[in-house]
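Student: My file is start-v4.cif. It has mmCIF, C-alpha atoms:
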```cif
data_my_file
#
loop_
_atom_site.label_atom_id
_atom_site.label_comp_id
_atom_site.auth_asym_id
_atom_site.auth_seq_id
_atom_site.Cartn_x
_atom_site.Cartn_y
_atom_site.Cartn_z
CA MET A 1 5.45 -4.15 2.56
CA ILE A 2 4.50 -1.54 5.10
CA VAL A 3 6.70 1.59 5.14
CA ARG A 4 6.26 4.25 7.81
CA ASP A 5 8.30 7.25 8.89
CA PHE A 6 8.44 8.24 12.55
CA ASN A 7 8.78 11.93 11.65
CA ARG A 8 5.81 11.85 9.32
CA ILE A 9 3.64 10.03 11.87
CA VAL A 10 4.44 12.65 14.49
CA GLN A 11 3.35 15.40 12.10
CA GLU A 12 0.45 13.83 10.23
CA ASP A 13 -0.89 10.72 11.91
CA ARG A 14 -1.62 11.66 15.50
CA ASP A 15 -3.82 8.60 16.01
CA ARG A 16 -0.58 6.64 16.21
CA VAL A 17 0.89 8.96 18.86
CA VAL A 18 -0.02 8.25 22.48
CA SER A 19 1.13 10.46 25.33
CA ASP A 20 0.87 10.19 29.07
CA ALA A 21 2.70 11.93 31.90
CA GLN A 22 6.13 12.77 30.47
CA TRP A 23 6.24 10.02 27.88
CA THR A 24 5.13 9.72 24.25
CA SER A 25 4.83 6.52 22.28
CA VAL A 26 4.74 6.46 18.49
CA ARG A 27 3.17 3.25 17.27
CA MET A 28 5.06 2.21 14.16
CA LEU A 29 3.32 -1.21 14.09
CA LEU A 30 0.18 -2.34 15.90
CA ALA A 31 -1.72 -5.60 16.15
CA GLY A 32 -3.75 -4.75 13.05
CA ASP A 33 -0.62 -4.85 10.93
CA GLY A 34 -0.54 -8.61 11.35
CA MET A 35 3.12 -8.99 12.28
CA GLY A 36 2.43 -10.78 15.56
CA PHE A 37 4.22 -8.05 17.56
CA SER A 38 3.93 -4.30 17.84
CA PHE A 39 6.81 -1.86 17.52
CA HIS A 40 6.89 1.56 19.12
CA ILE A 41 9.36 4.40 19.43
CA THR A 42 8.89 5.79 22.93
CA ILE A 43 10.31 9.07 24.19
CA LEU A 44 10.63 9.73 27.93
CA GLU A 45 11.28 13.27 29.07
CA ALA A 46 14.51 14.20 30.85
CA GLY A 47 14.07 14.02 34.60
CA SER A 48 10.99 11.81 34.46
CA GLU A 49 10.44 8.54 36.31
CA HIS A 50 7.98 5.81 35.35
CA THR A 51 6.75 2.61 36.95
CA PHE A 52 5.45 0.00 34.53
CA GLU A 53 4.34 -3.59 34.81
CA TYR A 54 3.06 -5.29 31.68
CA LYS A 55 1.27 -8.23 33.23
CA ASN A 56 -0.11 -9.35 29.90
CA HIS A 57 2.74 -8.55 27.54
CA PHE A 58 6.39 -9.29 26.98
CA GLU A 59 8.28 -6.10 26.11
CA SER A 60 11.83 -5.43 25.00
CA VAL A 61 13.23 -1.89 25.19
CA TYR A 62 16.36 -0.84 23.28
CA CYS A 63 17.97 2.51 24.02
CA ILE A 64 18.66 4.55 20.88
CA GLU A 65 19.44 7.83 22.61
CA GLY A 66 19.84 9.23 26.13
CA ARG A 67 20.89 8.00 29.55
CA GLY A 68 18.94 6.71 32.51
CA ARG A 69 18.43 3.78 34.85
CA VAL A 70 16.03 0.87 35.09
CA THR A 71 15.27 -0.81 38.41
CA ASP A 72 13.83 -4.30 38.71
CA LEU A 73 11.35 -3.77 41.53
CA ALA A 74 11.35 -7.47 42.44
CA THR A 75 15.10 -7.64 43.08
CA GLY A 76 15.94 -3.98 43.68
CA GLU A 77 18.73 -4.22 41.11
CA THR A 78 19.39 -1.09 39.03
CA HIS A 79 20.97 -1.17 35.57
CA PRO A 80 22.34 1.85 33.71
CA ILE A 81 20.62 2.72 30.44
CA ALA A 82 22.67 4.17 27.59
CA PRO A 83 22.62 3.86 23.81
CA GLY A 84 22.96 0.17 22.91
CA VAL A 85 21.52 -1.17 26.18
CA MET A 86 18.38 -3.31 25.97
CA TYR A 87 16.21 -4.65 28.73
CA ALA A 88 13.59 -7.32 28.19
CA LEU A 89 10.72 -7.97 30.58
CA ASN A 90 10.70 -11.74 30.18
CA LEU A 91 9.06 -12.19 33.59
CA HIS A 92 6.55 -9.33 33.10
CA ASP A 93 8.86 -7.58 35.55
CA ARG A 94 7.52 -4.64 37.47
CA HIS A 95 10.16 -1.95 36.97
CA ARG A 96 10.99 1.71 37.33
CA LEU A 97 12.59 3.64 34.48
CA ARG A 98 14.34 6.93 35.20
CA ALA A 99 15.30 9.25 32.35
CA ASP A 100 18.35 11.21 33.47
CA GLU A 101 18.37 12.58 29.92
CA LYS A 102 15.65 12.41 27.30
CA LEU A 103 15.38 8.74 26.33
CA VAL A 104 14.49 7.47 22.86
CA MET A 105 13.64 3.78 23.07
CA ALA A 106 12.68 1.15 20.46
CA CYS A 107 10.08 -1.15 22.03
CA CYS A 108 8.65 -4.48 20.86
CA PHE A 109 5.52 -5.94 22.43
CA ASN A 110 4.19 -9.49 22.29
CA PRO A 111 1.26 -9.91 22.08
CA PRO A 112 1.05 -6.82 19.89
CA VAL A 113 -0.55 -3.72 21.35
CA THR A 114 -3.82 -3.00 19.57
CA GLY A 115 -3.73 0.75 20.14
CA THR A 116 -6.82 0.77 22.31
CA GLU A 117 -5.11 -0.16 25.59
CA VAL A 118 -4.76 2.33 28.40
CA HIS A 119 -2.11 2.27 31.10
CA ARG A 120 -3.86 1.27 34.27
CA GLU A 121 -3.00 2.62 37.68
CA ASP A 122 -0.85 -0.42 38.38
CA GLY A 123 1.35 0.40 35.36
CA SER A 124 0.04 -2.44 33.19
CA TYR A 125 -1.84 -2.58 29.93
CA ALA A 126 -5.01 -4.64 30.02
CA ALA A 127 -4.95 -7.70 27.77
CA ALA A 128 -7.08 -7.32 24.67
CA GLU A 129 -9.48 -9.86 26.17
CA GLU A 130 -9.95 -7.80 29.32
CA LEU A 131 -10.61 -4.70 27.26
CA ARG A 132 -13.27 -6.45 25.27
CA GLU A 133 -14.90 -7.53 28.52
CA ALA A 134 -14.65 -4.04 30.01
CA MET B 1 14.60 -9.09 33.49
CA ILE B 2 17.19 -9.62 30.80
CA VAL B 3 19.68 -6.74 30.34
CA ARG B 4 22.16 -6.76 27.46
CA ASP B 5 24.49 -4.17 25.99
CA PHE B 6 25.17 -4.11 22.25
CA ASN B 7 28.70 -2.82 22.81
CA ARG B 8 29.52 -5.51 25.34
CA ILE B 9 28.11 -8.26 23.10
CA VAL B 10 30.28 -7.08 20.21
CA GLN B 11 33.38 -7.27 22.41
CA GLU B 12 32.70 -10.28 24.61
CA ASP B 13 29.90 -12.48 23.31
CA ARG B 14 30.74 -13.26 19.71
CA ASP B 15 28.31 -16.18 19.63
CA ARG B 16 25.59 -13.53 19.37
CA VAL B 17 27.29 -11.79 16.44
CA VAL B 18 26.60 -13.16 12.97
CA SER B 19 28.25 -11.76 9.87
CA ASP B 20 27.82 -12.39 6.20
CA ALA B 21 28.88 -10.48 3.11
CA GLN B 22 28.91 -6.83 4.21
CA TRP B 23 26.39 -7.14 7.03
CA THR B 24 26.62 -7.99 10.72
CA SER B 25 23.72 -8.87 12.98
CA VAL B 26 23.95 -8.65 16.77
CA ARG B 27 21.31 -10.82 18.37
CA MET B 28 20.05 -8.97 21.42
CA LEU B 29 17.18 -11.47 21.91
CA LEU B 30 16.75 -14.93 20.43
CA ALA B 31 14.04 -17.59 20.61
CA GLY B 32 15.57 -19.08 23.74
CA ASP B 33 14.85 -15.88 25.65
CA GLY B 34 11.16 -16.75 25.55
CA MET B 35 9.85 -13.36 24.41
CA GLY B 36 8.06 -14.76 21.35
CA PHE B 37 10.10 -12.54 19.01
CA SER B 38 13.78 -11.95 18.41
CA PHE B 39 15.45 -8.56 18.31
CA HIS B 40 18.63 -7.80 16.42
CA ILE B 41 20.76 -4.75 15.69
CA THR B 42 21.97 -5.18 12.13
CA ILE B 43 24.70 -3.14 10.48
CA LEU B 44 25.01 -2.99 6.70
CA GLU B 45 28.19 -1.60 5.23
CA ALA B 46 28.17 1.57 3.15
CA GLY B 47 27.86 0.80 -0.54
CA SER B 48 26.49 -2.70 0.00
CA GLU B 49 23.34 -4.19 -1.50
CA HIS B 50 21.37 -7.14 -0.15
CA THR B 51 18.47 -9.24 -1.36
CA PHE B 52 16.43 -10.91 1.37
CA GLU B 53 13.22 -12.86 1.49
CA TYR B 54 12.11 -14.24 4.83
CA LYS B 55 9.62 -16.81 3.67
CA ASN B 56 9.08 -18.13 7.16
CA HIS B 57 9.31 -14.97 9.24
CA PHE B 58 7.74 -11.56 9.61
CA GLU B 59 10.42 -8.91 10.05
CA SER B 60 10.27 -5.20 10.85
CA VAL B 61 13.33 -3.02 10.27
CA TYR B 62 13.69 0.43 11.85
CA CYS B 63 16.50 2.72 10.70
CA ILE B 64 18.50 4.16 13.60
CA GLU B 65 21.36 5.54 11.54
CA GLY B 66 22.37 5.98 7.90
CA ARG B 67 20.71 6.37 4.53
CA GLY B 68 19.74 3.92 1.85
CA ARG B 69 16.86 2.52 -0.18
CA VAL B 70 14.62 -0.52 0.00
CA THR B 71 12.96 -1.95 -3.10
CA ASP B 72 9.92 -4.21 -3.00
CA LEU B 73 10.84 -6.73 -5.69
CA ALA B 74 7.20 -7.69 -6.25
CA THR B 75 6.08 -4.15 -7.12
CA GLY B 76 9.37 -2.53 -8.10
CA GLU B 77 8.63 0.35 -5.73
CA THR B 78 11.63 1.90 -3.97
CA HIS B 79 11.41 3.73 -0.64
CA PRO B 80 14.13 5.94 0.84
CA ILE B 81 15.61 4.77 4.14
CA ALA B 82 16.71 7.35 6.70
CA PRO B 83 16.66 7.56 10.50
CA GLY B 84 13.07 7.09 11.68
CA VAL B 85 11.92 5.08 8.66
CA MET B 86 10.63 1.55 9.26
CA TYR B 87 9.68 -1.12 6.79
CA ALA B 88 7.78 -4.24 7.74
CA LEU B 89 7.69 -7.38 5.62
CA ASN B 90 4.08 -8.27 6.35
CA LEU B 91 3.82 -10.26 3.12
CA HIS B 92 7.23 -11.94 3.53
CA ASP B 93 8.17 -9.51 0.79
CA ARG B 94 11.23 -10.27 -1.29
CA HIS B 95 13.21 -7.04 -1.21
CA ARG B 96 16.52 -5.39 -1.96
CA LEU B 97 18.18 -3.14 0.59
CA ARG B 98 20.88 -0.72 -0.52
CA ALA B 99 23.10 1.03 2.03
CA ASP B 100 24.16 4.36 0.53
CA GLU B 101 25.73 5.02 3.93
CA LYS B 102 26.41 2.57 6.74
CA LEU B 103 22.99 1.51 8.04
CA VAL B 104 22.23 0.65 11.67
CA MET B 105 18.86 -1.09 11.86
CA ALA B 106 16.73 -2.40 14.73
CA CYS B 107 15.03 -5.61 13.55
CA CYS B 108 12.25 -7.69 15.11
CA PHE B 109 11.50 -11.21 13.88
CA ASN B 110 8.42 -13.34 14.43
CA PRO B 111 8.74 -16.25 14.89
CA PRO B 112 11.93 -15.52 16.79
CA VAL B 113 15.21 -16.45 15.19
CA THR B 114 16.84 -19.29 17.11
CA GLY B 115 20.40 -18.33 16.21
CA THR B 116 21.05 -21.51 14.24
CA GLU B 117 19.50 -20.39 10.95
CA VAL B 118 21.61 -19.68 7.92
CA HIS B 119 20.76 -17.37 5.06
CA ARG B 120 20.01 -19.57 2.10
CA GLU B 121 20.87 -18.72 -1.46
CA ASP B 122 17.35 -17.44 -2.04
CA GLY B 123 17.80 -14.85 0.73
CA SER B 124 15.54 -16.61 3.24
CA TYR B 125 16.09 -18.17 6.61
CA ALA B 126 14.88 -21.75 6.90
CA ALA B 127 12.08 -22.23 9.39
CA ALA B 128 13.18 -23.93 12.61
CA GLU B 129 11.21 -27.00 11.51
CA GLU B 130 13.09 -27.23 8.21
CA LEU B 131 16.41 -26.95 10.02
CA ARG B 132 15.49 -29.76 12.34
CA GLU B 133 14.64 -31.88 9.34
CA ALA B 134 17.86 -30.98 7.53
#
```
Would you encode the structure as structure tokens?
Tutor:
Amino acid sequence: MIVRDFNRIVQEDRDRVVSDAQWTSVRMLLAGDGMGFSFHITILEAGSEHTFEYKNHFESVYCIEGRGRVTDLATGETHPIAPGVMYALNLHDRHRLRADEKLVMACCFNPPVTGTEVHREDGSYAAAEELREA
Amino acid sequence: MIVRDFNRIVQEDRDRVVSDAQWTSVRMLLAGDGMGFSFHITILEAGSEHTFEYKNHFESVYCIEGRGRVTDLATGETHPIAPGVMYALNLHDRHRLRADEKLVMACCFNPPVTGTEVHREDGSYAAAEELREA
């Protein structure tokens, strides 16, 4: 059994904390944990806006705290985000997430994030294979 | 993009709500959603105690709300549960979860739960294959 505490990771295990422009992701589980998915708590700053497209991953995002909006950039449809709302990128959907308030999101990735990915300019993570080739 | 709201599911989509003795699981994502994992919000009533062993699944459990304790029944070790604490059953660990307060947990399962499983007396879910054979 693996037991980890978000608050302890933030204080003591900064290798598991990844930040980019106005977002921070705390990796509770990564590929190396052998679960077949990764699990992150991601915090997006109030007033920030983010465009993501995970071409190589499925991701689900569950709102624990805060309010915002997610726009499916293929259809133009916008959905309100509030505690209890989940969106799942089952089509690797390119999307824009706006944090009207600070958002705290629980995110699952399949395949699991290894921890070595970087967000590319197109908003995607490279697949592990592409990273090995890079 | 799939968008679902916990609060709406609880009110309007009871097929996604599964209850047993003193726990309720709201299936935000199931196998049929094609994400390769399932994602559930599970609520355990204050004062309740549960023994689970997912012999056929990996599960991670992240505490959103409430306090309790989880005991690894192989080692006897007990870990406090509070908001921000996650445990992951990477060894299909048989475990006991006590809810000292009402617990709200975000749970990921791999392989994804199909929605047709039942908890067996030993605390496991049958694998999809076993259910088909049954």
Student: Go through the shown structure with the PyMOL selection byres ((chain B and resi 70) around 7) and write out the matching residues as a PyMOL selection string.
Tutor: chain B and resi 69+71-72+78-81+95-98
Student: Wanna dump the chain B-chain A contacts at 7 Å for me, each residue with its shortest atom pair and the distance in Å to one decimal, counting all atoms listed in the file, ordered by chain and number, as CSV?
Tutor:
```
residue,atom,partner,partner_atom,distance
B:Met1,CA,A:Leu89,CA,5.0
B:Ile2,CA,A:Ala88,CA,5.0
B:Val3,CA,A:Tyr87,CA,4.4
B:Arg4,CA,A:Met86,CA,5.3
B:Asp5,CA,A:Val85,CA,4.2
B:Phe6,CA,A:Gly84,CA,4.9
B:Asn7,CA,A:Gly84,CA,6.5
B:Gly34,CA,A:Asn90,CA,6.8
B:Met35,CA,A:Phe58,CA,5.9
B:Gly36,CA,A:Asn110,CA,6.6
B:Phe58,CA,A:Met35,CA,5.9
B:Gly84,CA,A:Phe6,CA,4.8
B:Val85,CA,A:Asp5,CA,4.2
B:Met86,CA,A:Arg4,CA,5.3
B:Tyr87,CA,A:Val3,CA,4.4
B:Ala88,CA,A:Ile2,CA,5.0
B:Leu89,CA,A:Met1,CA,5.0
B:Asn90,CA,A:Met1,CA,5.8
B:Leu91,CA,A:Met1,CA,6.3
B:Asp93,CA,A:Met1,CA,6.3
B:Asn110,CA,A:Gly36,CA,6.6
```
Student: Chain B superposed on chain A over all ordered C-alpha pairs, least squares: can you write that as a short mmCIF file (atom, residue, chain, number, x, y, z; two decimals) with C-alpha atoms, keeping the file's coordinate frame?
Tutor:
```
data_model
loop_
_atom_site.label_atom_id
_atom_site.label_comp_id
_atom_site.auth_asym_id
_atom_site.auth_seq_id
_atom_site.Cartn_x
_atom_site.Cartn_y
_atom_site.Cartn_z
CA MET B 1 5.48 -4.16 2.55
CA ILE B 2 4.51 -1.54 5.09
CA VAL B 3 6.71 1.60 5.13
CA ARG B 4 6.27 4.24 7.82
CA ASP B 5 8.30 7.25 8.90
CA PHE B 6 8.44 8.25 12.56
CA ASN B 7 8.78 11.92 11.65
CA ARG B 8 5.80 11.84 9.32
CA ILE B 9 3.65 10.01 11.88
CA VAL B 10 4.45 12.65 14.50
CA GLN B 11 3.35 15.40 12.12
CA GLU B 12 0.46 13.83 10.24
CA ASP B 13 -0.89 10.71 11.92
CA ARG B 14 -1.61 11.65 15.50
CA ASP B 15 -3.82 8.60 16.00
CA ARG B 16 -0.57 6.63 16.22
CA VAL B 17 0.89 8.95 18.86
CA VAL B 18 -0.03 8.26 22.48
CA SER B 19 1.13 10.46 25.32
CA ASP B 20 0.87 10.22 29.06
CA ALA B 21 2.67 11.97 31.89
CA GLN B 22 6.11 12.78 30.47
CA TRP B 23 6.24 10.03 27.87
CA THR B 24 5.12 9.72 24.26
CA SER B 25 4.83 6.51 22.29
CA VAL B 26 4.73 6.45 18.49
CA ARG B 27 3.17 3.24 17.27
CA MET B 28 5.07 2.20 14.16
CA LEU B 29 3.33 -1.22 14.09
CA LEU B 30 0.19 -2.34 15.89
CA ALA B 31 -1.72 -5.62 16.13
CA GLY B 32 -3.75 -4.77 13.04
CA ASP B 33 -0.61 -4.86 10.91
CA GLY B 34 -0.53 -8.63 11.34
CA MET B 35 3.14 -8.98 12.27
CA GLY B 36 2.44 -10.78 15.55
CA PHE B 37 4.24 -8.07 17.55
CA SER B 38 3.94 -4.32 17.84
CA PHE B 39 6.81 -1.88 17.53
CA HIS B 40 6.89 1.55 19.13
CA ILE B 41 9.36 4.40 19.44
CA THR B 42 8.89 5.78 22.93
CA ILE B 43 10.29 9.06 24.21
CA LEU B 44 10.62 9.72 27.93
CA GLU B 45 11.28 13.26 29.05
CA ALA B 46 14.49 14.19 30.85
CA GLY B 47 14.07 14.02 34.60
CA SER B 48 10.99 11.81 34.46
CA GLU B 49 10.43 8.54 36.30
CA HIS B 50 7.97 5.80 35.35
CA THR B 51 6.74 2.60 36.93
CA PHE B 52 5.45 -0.01 34.50
CA GLU B 53 4.35 -3.60 34.77
CA TYR B 54 3.06 -5.29 31.65
CA LYS B 55 1.27 -8.22 33.20
CA ASN B 56 -0.11 -9.37 29.88
CA HIS B 57 2.75 -8.56 27.52
CA PHE B 58 6.41 -9.29 26.96
CA GLU B 59 8.28 -6.10 26.11
CA SER B 60 11.85 -5.42 25.00
CA VAL B 61 13.24 -1.89 25.18
CA TYR B 62 16.37 -0.84 23.29
CA CYS B 63 17.97 2.52 24.04
CA ILE B 64 18.67 4.55 20.89
CA GLU B 65 19.44 7.83 22.63
CA GLY B 66 19.86 9.23 26.14
CA ARG B 67 20.88 8.01 29.56
CA GLY B 68 18.93 6.72 32.51
CA ARG B 69 18.43 3.78 34.84
CA VAL B 70 16.03 0.86 35.08
CA THR B 71 15.27 -0.82 38.40
CA ASP B 72 13.83 -4.31 38.71
CA LEU B 73 11.35 -3.79 41.54
CA ALA B 74 11.36 -7.49 42.43
CA THR B 75 15.12 -7.64 43.06
CA GLY B 76 15.93 -3.99 43.67
CA GLU B 77 18.74 -4.22 41.11
CA THR B 78 19.38 -1.10 39.02
CA HIS B 79 20.98 -1.16 35.57
CA PRO B 80 22.34 1.87 33.72
CA ILE B 81 20.62 2.73 30.44
CA ALA B 82 22.67 4.19 27.60
CA PRO B 83 22.62 3.86 23.80
CA GLY B 84 22.98 0.18 22.92
CA VAL B 85 21.52 -1.16 26.17
CA MET B 86 18.39 -3.31 25.97
CA TYR B 87 16.21 -4.65 28.72
CA ALA B 88 13.60 -7.32 28.18
CA LEU B 89 10.73 -7.98 30.57
CA ASN B 90 10.71 -11.75 30.17
CA LEU B 91 9.07 -12.20 33.57
CA HIS B 92 6.58 -9.34 33.07
CA ASP B 93 8.88 -7.61 35.52
CA ARG B 94 7.53 -4.65 37.45
CA HIS B 95 10.16 -1.97 36.95
CA ARG B 96 10.99 1.70 37.33
CA LEU B 97 12.58 3.62 34.48
CA ARG B 98 14.32 6.91 35.19
CA ALA B 99 15.29 9.25 32.35
CA ASP B 100 18.35 11.21 33.48
CA GLU B 101 18.37 12.59 29.94
CA LYS B 102 15.64 12.41 27.31
CA LEU B 103 15.38 8.74 26.34
CA VAL B 104 14.49 7.48 22.86
CA MET B 105 13.63 3.78 23.06
CA ALA B 106 12.69 1.16 20.46
CA CYS B 107 10.09 -1.15 22.03
CA CYS B 108 8.66 -4.48 20.85
CA PHE B 109 5.53 -5.95 22.43
CA ASN B 110 4.19 -9.48 22.28
CA PRO B 111 1.27 -9.92 22.06
CA PRO B 112 1.06 -6.82 19.89
CA VAL B 113 -0.54 -3.74 21.34
CA THR B 114 -3.82 -3.02 19.56
CA GLY B 115 -3.71 0.74 20.13
CA THR B 116 -6.81 0.77 22.32
CA GLU B 117 -5.13 -0.17 25.60
CA VAL B 118 -4.76 2.30 28.41
CA HIS B 119 -2.12 2.29 31.10
CA ARG B 120 -3.86 1.29 34.29
CA GLU B 121 -3.01 2.64 37.69
CA ASP B 122 -0.86 -0.40 38.40
CA GLY B 123 1.34 0.42 35.39
CA SER B 124 0.03 -2.41 33.20
CA TYR B 125 -1.84 -2.55 29.95
CA ALA B 126 -5.02 -4.61 30.06
CA ALA B 127 -4.96 -7.65 27.82
CA ALA B 128 -7.10 -7.28 24.69
CA GLU B 129 -9.50 -9.83 26.19
CA GLU B 130 -9.97 -7.78 29.36
CA LEU B 131 -10.64 -4.66 27.31
CA ARG B 132 -13.28 -6.43 25.31
CA GLU B 133 -14.92 -7.50 28.53
CA ALA B 134 -14.72 -4.01 30.03
#
```
Student: Excluding Val17 in chain A and its own-chain neighbours fewer than 3 positions away, which residues fall within 12 Å of it when counting all atoms listed in the file? Please give them as a ChimeraX atom specification.
Tutor: /A:6-14,20,23-30,40-43,115-116
Student: Go ahead and write the selection's residues with C-alpha atoms as a PDB file, in the frame of the given file.
Tutor:
```
ATOM      1  CA  PHE A   6       8.440   8.240  12.550  1.00  0.00           C
ATOM      2  CA  ASN A   7       8.780  11.930  11.650  1.00  0.00           C
ATOM      3  CA  ARG A   8       5.810  11.850   9.320  1.00  0.00           C
ATOM      4  CA  ILE A   9       3.640  10.030  11.870  1.00  0.00           C
ATOM      5  CA  VAL A  10       4.440  12.650  14.490  1.00  0.00           C
ATOM      6  CA  GLN A  11       3.350  15.400  12.100  1.00  0.00           C
ATOM      7  CA  GLU A  12       0.450  13.830  10.230  1.00  0.00           C
ATOM      8  CA  ASP A  13      -0.890  10.720  11.910  1.00  0.00           C
ATOM      9  CA  ARG A  14      -1.620  11.660  15.500  1.00  0.00           C
ATOM     10  CA  ASP A  20       0.870  10.190  29.070  1.00  0.00           C
ATOM     11  CA  TRP A  23       6.240  10.020  27.880  1.00  0.00           C
ATOM     12  CA  THR A  24       5.130   9.720  24.250  1.00  0.00           C
ATOM     13  CA  SER A  25       4.830   6.520  22.280  1.00  0.00           C
ATOM     14  CA  VAL A  26       4.740   6.460  18.490  1.00  0.00           C
ATOM     15  CA  ARG A  27       3.170   3.250  17.270  1.00  0.00           C
ATOM     16  CA  MET A  28       5.060   2.210  14.160  1.00  0.00           C
ATOM     17  CA  LEU A  29       3.320  -1.210  14.090  1.00  0.00           C
ATOM     18  CA  LEU A  30       0.180  -2.340  15.900  1.00  0.00           C
ATOM     19  CA  HIS A  40       6.890   1.560  19.120  1.00  0.00           C
ATOM     20  CA  ILE A  41       9.360   4.400  19.430  1.00  0.00           C
ATOM     21  CA  THR A  42       8.890   5.790  22.930  1.00  0.00           C
ATOM     22  CA  ILE A  43      10.310   9.070  24.190  1.00  0.00           C
ATOM     23  CA  GLY A 115      -3.730   0.750  20.140  1.00  0.00           C
ATOM     24  CA  THR A 116      -6.820   0.770  22.310  1.00  0.00           C
TER      25      THR A 116
END
```
Student: Might you spell out which residues the PyMOL selection byres ((chain A and resi 48-51) around 9) would select in the displayed file, as a PyMOL selection string?
Tutor: chain A and resi 21-23+44-47+52-53+94-102+122-123
Student: Record the distance separating CA of Val104 in chain B and CA of Arg16 in chain B, expressed in Å with one decimal.
Tutor: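 Those two atoms sit 16.5 Å apart.
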Student: Just to confirm, what's the straight-line distance from CA of Leu103 in chain B to CA of Leu103 in chain A in Å (one decimal)?
Tutor: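 Computing it gives 21.1 Å between the two atoms.
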Student: How many Å lie between CA of Pro112 in chain B and CA of Tyr54 in chain A, rounded to one decimal?
Tutor: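 Result for CA of Pro112 in chain B versus CA of Tyr54 in chain A: 20.1 Å, one decimal.
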